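Novice: File name target_11.txt; file contents compact mmCIF, C-alpha atoms and all ligand atoms; full text below.
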# COMPACT_ATOMS: atom_id res chain seq x y z
CA MET A 1430 69.26 98.12 114.46
CA THR A 1431 70.02 97.64 110.74
CA THR A 1432 69.71 101.39 110.11
CA PHE A 1433 72.06 102.16 113.01
CA LEU A 1434 74.61 99.59 111.84
CA LYS A 1435 74.45 100.87 108.26
CA PHE A 1436 74.87 104.45 109.51
CA LEU A 1437 77.94 103.42 111.54
CA HIS A 1438 79.24 101.40 108.56
CA LEU A 1439 78.99 104.37 106.19
CA ALA A 1440 80.36 106.89 108.72
CA THR A 1441 83.42 104.78 109.51
CA ILE A 1442 83.98 104.01 105.81
CA ALA A 1443 84.07 107.76 105.14
CA VAL A 1444 86.74 108.19 107.86
CA TRP A 1445 88.70 105.10 106.70
CA SER A 1446 88.66 106.21 103.05
CA GLY A 1447 89.51 109.84 103.91
CA GLY A 1448 92.43 108.74 106.09
CA LEU A 1449 93.87 106.52 103.35
CA VAL A 1450 93.61 109.27 100.73
CA VAL A 1451 95.35 111.84 102.96
CA LEU A 1452 98.24 109.60 104.11
CA PRO A 1453 100.33 109.62 100.87
CA MET A 1454 100.28 113.44 100.97
CA LEU A 1455 101.61 113.37 104.55
CA PHE A 1456 104.35 110.92 103.50
CA TRP A 1457 105.25 113.20 100.60
CA GLN A 1458 105.64 116.22 102.91
CA ARG A 1459 108.56 114.44 104.61
CA ARG A 1460 110.86 115.74 101.82
CA HIS A 1461 110.09 119.37 102.74
CA VAL A 1462 110.83 119.32 106.48
CA ALA A 1463 113.61 121.74 107.39
CA ASN A 1464 114.63 120.58 110.88
CA VAL A 1465 114.22 117.84 113.48
CA ALA A 1466 111.36 119.61 115.27
CA GLU A 1467 109.33 119.79 112.05
CA LEU A 1468 110.14 116.16 111.24
CA GLU A 1469 108.93 115.01 114.67
CA ARG A 1470 105.76 117.06 114.32
CA LEU A 1471 104.98 115.58 110.88
CA HIS A 1472 105.75 112.08 112.18
CA ARG A 1473 103.39 112.58 115.15
CA VAL A 1474 100.56 113.84 112.89
CA THR A 1475 101.04 110.93 110.44
CA ARG A 1476 101.06 108.35 113.24
CA TYR A 1477 97.94 109.96 114.72
CA VAL A 1478 96.10 109.80 111.38
CA TYR A 1479 97.10 106.14 110.86
CA VAL A 1480 96.92 104.72 114.38
CA VAL A 1481 94.20 106.78 116.10
CA VAL A 1482 91.88 107.74 113.21
CA THR A 1483 92.16 105.48 110.14
CA SER A 1484 92.88 102.04 111.66
CA PRO A 1485 90.10 102.11 114.33
CA ALA A 1486 87.67 103.36 111.64
CA ALA A 1487 88.69 100.39 109.44
CA PHE A 1488 88.05 97.96 112.34
CA VAL A 1489 84.58 99.40 113.02
CA ALA A 1490 83.74 99.53 109.27
CA ILE A 1491 84.67 95.84 108.87
CA GLY A 1492 82.89 94.89 112.12
CA THR A 1493 79.64 96.65 111.22
CA GLY A 1494 79.86 95.32 107.64
CA THR A 1495 80.25 91.78 109.00
CA ALA A 1496 77.21 92.28 111.27
CA LEU A 1497 75.22 93.59 108.28
CA ILE A 1498 75.95 90.36 106.37
CA PHE A 1499 73.61 88.58 108.79
CA LEU A 1500 70.89 91.22 108.46
CA GLN A 1501 70.82 91.91 104.71
CA THR A 1502 70.52 89.83 101.55
CA THR A 1503 74.16 89.48 100.60
CA PHE A 1504 74.08 86.18 98.71
CA HIS A 1505 74.57 87.89 95.37
CA GLU A 1506 77.56 87.89 93.07
CA TRP A 1507 78.11 91.67 93.41
CA PHE A 1508 78.69 91.20 97.14
CA SER A 1509 81.46 88.64 96.49
CA LEU A 1510 83.06 91.14 94.11
CA LYS A 1511 82.77 93.82 96.81
CA MET A 1512 84.52 91.53 99.33
CA LEU A 1513 87.34 90.96 96.83
CA LEU A 1514 87.80 94.73 96.48
CA VAL A 1515 87.56 95.25 100.27
CA GLY A 1516 90.37 92.70 100.61
CA ALA A 1517 92.47 94.84 98.25
CA MET A 1518 91.61 97.96 100.29
CA ALA A 1519 92.70 96.22 103.52
CA MET A 1520 96.00 95.21 101.85
CA LEU A 1521 96.54 98.83 100.75
CA HIS A 1522 95.82 99.91 104.33
CA VAL A 1523 98.66 97.66 105.53
CA LEU A 1524 100.85 99.09 102.76
CA ALA A 1525 100.30 102.61 104.18
CA GLY A 1526 101.58 101.42 107.58
CA LEU A 1527 104.68 99.84 106.05
CA THR A 1528 105.30 102.97 103.95
CA ALA A 1529 105.05 105.17 107.07
CA VAL A 1530 107.79 103.13 108.78
CA LYS A 1531 110.03 103.41 105.69
CA VAL A 1532 109.39 107.12 105.02
CA PHE A 1533 110.12 108.15 108.62
CA SER A 1534 113.30 106.08 108.91
CA ALA A 1535 116.68 107.85 108.53
CA ASN A 1536 116.95 109.32 105.01
CA GLY A 1537 113.45 108.05 104.14
CA ARG A 1538 111.57 109.92 101.41
CA MET A 1539 108.51 109.56 99.20
CA GLY A 1540 108.80 110.81 95.63
CA THR A 1541 106.04 112.69 93.80
CA THR A 1542 105.36 109.76 91.43
CA ALA A 1543 105.05 107.30 94.32
CA CYS A 1544 102.67 109.71 96.09
CA ILE A 1545 100.48 110.02 92.96
CA VAL A 1546 100.49 106.24 92.35
CA LEU A 1547 99.55 105.43 95.98
CA THR A 1548 96.80 108.08 96.10
CA SER A 1549 95.43 106.85 92.74
CA LEU A 1550 95.36 103.24 94.00
CA TYR A 1551 93.35 104.30 97.05
CA LEU A 1552 90.91 106.36 95.00
CA LEU A 1553 90.54 103.57 92.44
CA VAL A 1554 89.71 100.85 94.96
CA ILE A 1555 87.37 103.10 97.00
CA VAL A 1556 85.45 104.30 93.92
CA ALA A 1557 85.28 100.71 92.58
CA ILE A 1558 83.73 99.49 95.89
CA LEU A 1559 81.24 102.35 95.93
CA VAL A 1560 80.21 101.70 92.31
CA VAL A 1561 79.73 97.96 92.97
CA VAL A 1562 77.82 98.44 96.23
CA LEU A 1563 75.56 101.23 94.99
CA ALA A 1564 74.89 99.94 91.44
CA LYS A 1565 74.65 96.29 92.64
CA PRO A 1566 75.38 94.99 89.10
CA GLY A 1567 73.68 91.75 88.14
CA ILE A 1568 76.64 89.41 87.56
CA ASP A 1569 75.87 85.85 86.49
CA ALA A 1570 78.38 83.62 88.29
CA ASN A 1571 77.44 80.73 85.98
CA GLN A 1572 79.17 82.55 83.15
CA ILE A 1573 82.42 82.64 85.16
CA ALA A 1574 82.28 79.49 87.31
CA PRO A 1575 79.22 77.26 86.93
CA HIS A 1576 77.85 75.81 90.20
CA LEU A 1577 79.89 78.28 92.32
CA PHE A 1578 76.84 79.16 94.39
CA ASP A 1579 75.28 75.67 94.49
CA PRO A 1580 74.58 74.63 98.10
CA GLY A 1581 76.95 71.81 99.01
CA GLY A 1582 78.75 72.27 95.70
CA LEU A 1583 82.27 72.54 97.16
CA PRO A 1584 83.17 68.79 96.92
CA ALA A 1585 82.16 68.74 93.23
CA LEU A 1586 84.19 71.90 92.61
CA LEU A 1587 87.25 70.40 94.36
CA ASP A 1588 86.87 67.21 92.30
CA GLN A 1589 86.75 69.32 89.16
CA LEU A 1590 89.87 71.25 90.19
CA PHE A 1591 92.02 68.49 91.65
CA GLY A 1592 90.49 65.30 90.27
CA GLU A 1593 88.79 62.61 92.35
CA THR A 1594 91.66 62.34 94.86
CA ARG A 1595 89.72 62.83 98.07
CA THR A 1596 88.88 59.84 100.32
CA PRO A 1597 85.15 59.10 99.94
CA THR A 1598 83.16 59.37 103.18
CA PRO A 1599 81.54 56.05 104.20
C1 LIG A 1601 84.79 93.63 105.47
C2 LIG A 1601 84.32 94.78 105.03
C3 LIG A 1601 82.88 95.04 104.67
C4 LIG A 1601 81.76 94.25 104.84
C5 LIG A 1601 81.68 92.87 105.48
C6 LIG A 1601 80.63 94.98 104.32
C7 LIG A 1601 79.32 94.56 104.31
C8 LIG A 1601 78.23 95.31 103.95
C9 LIG A 1601 76.85 94.88 103.99
C10 LIG A 1601 76.41 93.47 104.39
C11 LIG A 1601 76.09 95.90 103.57
C12 LIG A 1601 74.56 95.89 103.41
C13 LIG A 1601 74.27 95.48 101.96
C14 LIG A 1601 72.85 95.72 101.53
O1 LIG A 1601 72.27 96.73 101.91
O2 LIG A 1601 72.33 94.87 100.79
C15 LIG A 1601 76.95 97.01 103.26
C16 LIG A 1601 76.52 98.25 102.82
C17 LIG A 1601 77.36 99.19 102.29
N1 LIG A 1601 78.74 99.14 102.26
FE1 LIG A 1601 79.90 97.71 103.08
N2 LIG A 1601 81.07 96.20 103.84
C18 LIG A 1601 82.44 96.26 104.02
C19 LIG A 1601 83.27 97.30 103.63
C20 LIG A 1601 82.87 98.39 102.87
C21 LIG A 1601 83.74 99.36 102.24
C22 LIG A 1601 85.27 99.32 102.37
C23 LIG A 1601 82.96 100.27 101.58
C24 LIG A 1601 83.33 101.48 100.78
C25 LIG A 1601 84.55 101.90 100.50
C26 LIG A 1601 81.57 99.88 101.80
C27 LIG A 1601 80.48 100.58 101.33
C28 LIG A 1601 79.18 100.26 101.61
C29 LIG A 1601 78.04 101.08 101.20
C30 LIG A 1601 78.10 102.41 100.45
C31 LIG A 1601 76.89 100.41 101.65
C32 LIG A 1601 75.43 100.88 101.53
C33 LIG A 1601 74.80 100.18 100.34
C34 LIG A 1601 73.30 100.42 100.25
O3 LIG A 1601 72.69 100.69 101.27
O4 LIG A 1601 72.78 100.25 99.16
N3 LIG A 1601 81.55 98.74 102.58
N4 LIG A 1601 78.25 96.63 103.52
Using structure tokens, write down the structure from this file.
Specialist:
Amino acid sequence: MTTFLKFLHLATIAVWSGGLVVLPMLFWQRRHVANVAELERLHRVTRYVYVVVTSPAAFVAIGTGTALIFLQTTFHEWFSLKMLLVGAMAMLHVLAGLTAVKVFSANGRMGTTACIVLTSLYLLVIVAILVVVLAKPGIDANQIAPHLFDPGGLPALLDQLFGETRTPTP
């Protein structure tokens, strides 16, 4: 079961990552379309890549990853860092959708610099996640936030952050 889930996780991550990397190039091609028929064709291909390929792959990648949390030892600092980066990747996924709407509106365009910046952001976050998840660096949370991983340590952390303002439980 774990092997199957991990296989599905990696396969869908490959599709998700590939889709995100290819989308800025499709947006950029909008500036080269010569007529309405070409524009509609490019729009259809871009929507297909985003709606039918990349987004479902992202859902399955996140779903299988969530299932793997319960099957693997994930209570390590590197995994929290991975989740932070995955959050950034999900935000960038949403950004691609918003960019698609803007680029394919009347007079919409994507410049070369914007295309390079967006592609670089995708590559950066994907490579960062892969490095963290494959190298599994030993990060000591105590150096950053002592007691962060203490069981039942949240009340003490809240007291530290906001002072002793909470109503004590009887
Ligand atoms: C909400 C999203 C995600 C969750 C909950 C999640 C969770 C997990 C879990 C629990 C594992 C097993 C860890 C272990 O073997 O100790 C795993 C493996 C892995 N994940 Fe994710 N993941 C997510 C997204 C991603 C993304 C976006 C990428 C890459 C861009 C990624 C790349 C990998 C890789 C390469 C492995 C295999 C690591 C190995 O076997 O050593 N994951 N994931």
Novice: Using only C-alpha atoms and all ligand atoms, which residue out of A:Leu1552, A:Leu1471, A:Ala1517, A:Ile1491 lies closest to ligand LIG 1601 (chain A)?
Specialist: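 When distances to ligand LIG 1601 (chain A) are compared using only C-alpha atoms and all ligand atoms, the smallest one comes from A:Ile1491.
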Novice: Set the distance at 7 Å and use all atoms listed in the file: which residues neighbour stretch 1503-1511 of chain A once local chain neighbours fewer than 3 positions away are removed? I'd like the list as an MDAnalysis selection string.
Specialist: chainID A and resid 1498 1514:1515 1558 1561:1562 1565:1568 1570
Novice: Report the distance between atom C23 of ligand LIG 1601 (chain A) and atom CA of A:Asp1569 in Å, rounded to one decimal place.
Specialist: 22.0 Å
Novice: Could you give me, as a Markdown table, every chain A residue with an atom at most 10 Å from ligand LIG 1601 (chain A), plus its closest atom pair and distance in Å to one decimal, counting all atoms listed in the file, rows ordered by chain then number?
Specialist:
| residue | atom | partner | partner_atom | distance |
| --- | --- | --- | --- | --- |
| A:Thr1431 | CA | A:LIG1601 | C12 | 8.8 |
| A:Thr1432 | CA | A:LIG1601 | O3 | 9.4 |
| A:Leu1434 | CA | A:LIG1601 | C11 | 9.2 |
| A:Lys1435 | CA | A:LIG1601 | C16 | 6.4 |
| A:Phe1436 | CA | A:LIG1601 | C32 | 8.8 |
| A:His1438 | CA | A:LIG1601 | FE1 | 6.6 |
| A:Leu1439 | CA | A:LIG1601 | C29 | 6.1 |
| A:Ala1440 | CA | A:LIG1601 | C30 | 9.7 |
| A:Thr1441 | CA | A:LIG1601 | C21 | 9.1 |
| A:Ile1442 | CA | A:LIG1601 | C24 | 5.7 |
| A:Ala1443 | CA | A:LIG1601 | C25 | 7.5 |
| A:Val1444 | CA | A:LIG1601 | C25 | 9.9 |
| A:Trp1445 | CA | A:LIG1601 | C22 | 8.0 |
| A:Ser1446 | CA | A:LIG1601 | C25 | 6.5 |
| A:Gly1447 | CA | A:LIG1601 | C25 | 10.0 |
| A:Ala1487 | CA | A:LIG1601 | C22 | 7.9 |
| A:Phe1488 | CA | A:LIG1601 | C1 | 8.8 |
| A:Val1489 | CA | A:LIG1601 | C2 | 9.2 |
| A:Ala1490 | CA | A:LIG1601 | C19 | 6.1 |
| A:Ile1491 | CA | A:LIG1601 | C2 | 4.0 |
| A:Gly1492 | CA | A:LIG1601 | C1 | 7.0 |
| A:Thr1493 | CA | A:LIG1601 | C4 | 7.1 |
| A:Gly1494 | CA | A:LIG1601 | C6 | 3.4 |
| A:Thr1495 | CA | A:LIG1601 | C5 | 4.0 |
| A:Ala1496 | CA | A:LIG1601 | C10 | 7.0 |
| A:Leu1497 | CA | A:LIG1601 | C10 | 4.1 |
| A:Ile1498 | CA | A:LIG1601 | C10 | 3.7 |
| A:Phe1499 | CA | A:LIG1601 | C10 | 7.1 |
| A:Leu1500 | CA | A:LIG1601 | C10 | 7.2 |
| A:Gln1501 | CA | A:LIG1601 | O2 | 5.1 |
| A:Thr1502 | CA | A:LIG1601 | O2 | 5.4 |
| A:Thr1503 | CA | A:LIG1601 | O2 | 5.7 |
| A:Phe1504 | CA | A:LIG1601 | O2 | 9.1 |
| A:His1505 | CA | A:LIG1601 | O2 | 9.1 |
| A:Trp1507 | CA | A:LIG1601 | O2 | 9.9 |
| A:Phe1508 | CA | A:LIG1601 | C13 | 7.8 |
| A:Ser1509 | CA | A:LIG1601 | C5 | 9.9 |
| A:Lys1511 | CA | A:LIG1601 | C20 | 7.6 |
| A:Met1512 | CA | A:LIG1601 | C1 | 6.5 |
| A:Leu1513 | CA | A:LIG1601 | C1 | 9.4 |
| A:Leu1514 | CA | A:LIG1601 | C22 | 7.9 |
| A:Val1515 | CA | A:LIG1601 | C22 | 5.1 |
| A:Gly1516 | CA | A:LIG1601 | C1 | 7.5 |
| A:Ala1517 | CA | A:LIG1601 | C22 | 9.4 |
| A:Met1518 | CA | A:LIG1601 | C22 | 6.8 |
| A:Ala1519 | CA | A:LIG1601 | C22 | 8.1 |
| A:Tyr1551 | CA | A:LIG1601 | C25 | 9.8 |
| A:Leu1552 | CA | A:LIG1601 | C25 | 9.5 |
| A:Val1554 | CA | A:LIG1601 | C25 | 7.6 |
| A:Ile1555 | CA | A:LIG1601 | C25 | 4.7 |
| A:Val1556 | CA | A:LIG1601 | C25 | 7.1 |
| A:Ala1557 | CA | A:LIG1601 | C25 | 8.0 |
| A:Ile1558 | CA | A:LIG1601 | C25 | 5.3 |
| A:Leu1559 | CA | A:LIG1601 | C24 | 5.4 |
| A:Val1560 | CA | A:LIG1601 | C30 | 8.4 |
| A:Val1561 | CA | A:LIG1601 | C27 | 8.8 |
| A:Val1562 | CA | A:LIG1601 | C33 | 5.4 |
| A:Leu1563 | CA | A:LIG1601 | O4 | 5.1 |
| A:Ala1564 | CA | A:LIG1601 | O4 | 8.0 |
| A:Lys1565 | CA | A:LIG1601 | O4 | 7.9 |
Novice: Please indicate the distance in Å from atom CA of A:Leu1468 to atom CA of A:Leu1527, rounded to one decimal place.
Specialist: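 Value for the atom CA of A:Leu1468-atom CA of A:Leu1527 distance: 18.0 Å.
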Novice: Between A:Tyr1479, A:Phe1533, A:Phe1591, A:Trp1457, which one has atoms that come closest to A:Thr1548, using all atoms listed in the file?
Specialist: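 Among the listed residues, the smallest separation from A:Thr1548 belongs to A:Trp1457.
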Novice: From the options A:Thr1483, A:His1461, A:Arg1538, A:Leu1583, which residue's atoms come nearest to A:Ala1525, counting all atoms listed in the file?
Specialist: A:Thr1483
Novice: Counting only C-alpha atoms, which of A:Val1481, A:His1472, A:Leu1586, A:Ala1486 gets nearest to A:Lys1531?
Specialist: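 Closest to A:Lys1531, using only C-alpha atoms: A:His1472.
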Novice: Which one of A:Gln1572, A:Gly1448, A:Ile1545, A:Gln1458 sits closest to A:Pro1485 if you count all atoms listed in the file?
Specialist: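 Once distances to A:Pro1485 are computed over all atoms listed in the file, the minimum belongs to A:Gly1448.
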Novice: Applying 12 Å and all atoms listed in the file, which residues near A:Gly1540 remain after dropping the ones on its own chain fewer than 6 positions away? List them as a compact mmCIF listing (two decimals) with C-alpha atoms, in the frame of the given file.
Specialist:
# COMPACT_ATOMS: atom_id res chain seq x y z
CA PRO A 1453 100.33 109.62 100.87
CA MET A 1454 100.28 113.44 100.97
CA LEU A 1455 101.61 113.37 104.55
CA PHE A 1456 104.35 110.92 103.50
CA TRP A 1457 105.25 113.20 100.60
CA GLN A 1458 105.64 116.22 102.91
CA ARG A 1459 108.56 114.44 104.61
CA ARG A 1460 110.86 115.74 101.82
CA HIS A 1461 110.09 119.37 102.74
CA THR A 1528 105.30 102.97 103.95
CA VAL A 1532 109.39 107.12 105.02
CA VAL A 1546 100.49 106.24 92.35
CA LEU A 1547 99.55 105.43 95.98
Novice: Could you jot down the atom CA of A:Met1430 to atom CA of A:His1522 separation for me, Å, one decimal place?
Specialist: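 Pair atom CA of A:Met1430 / atom CA of A:His1522 returns 28.5 Å.
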Novice: Can you work out which one of A:Val1462, A:Ala1574, A:Leu1437, A:Val1450 has the shortest atom-to-atom distance to A:Asn1536, counting all atoms listed in the file?
Specialist: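 Of all the options, A:Val1462 lies closest to A:Asn1536.
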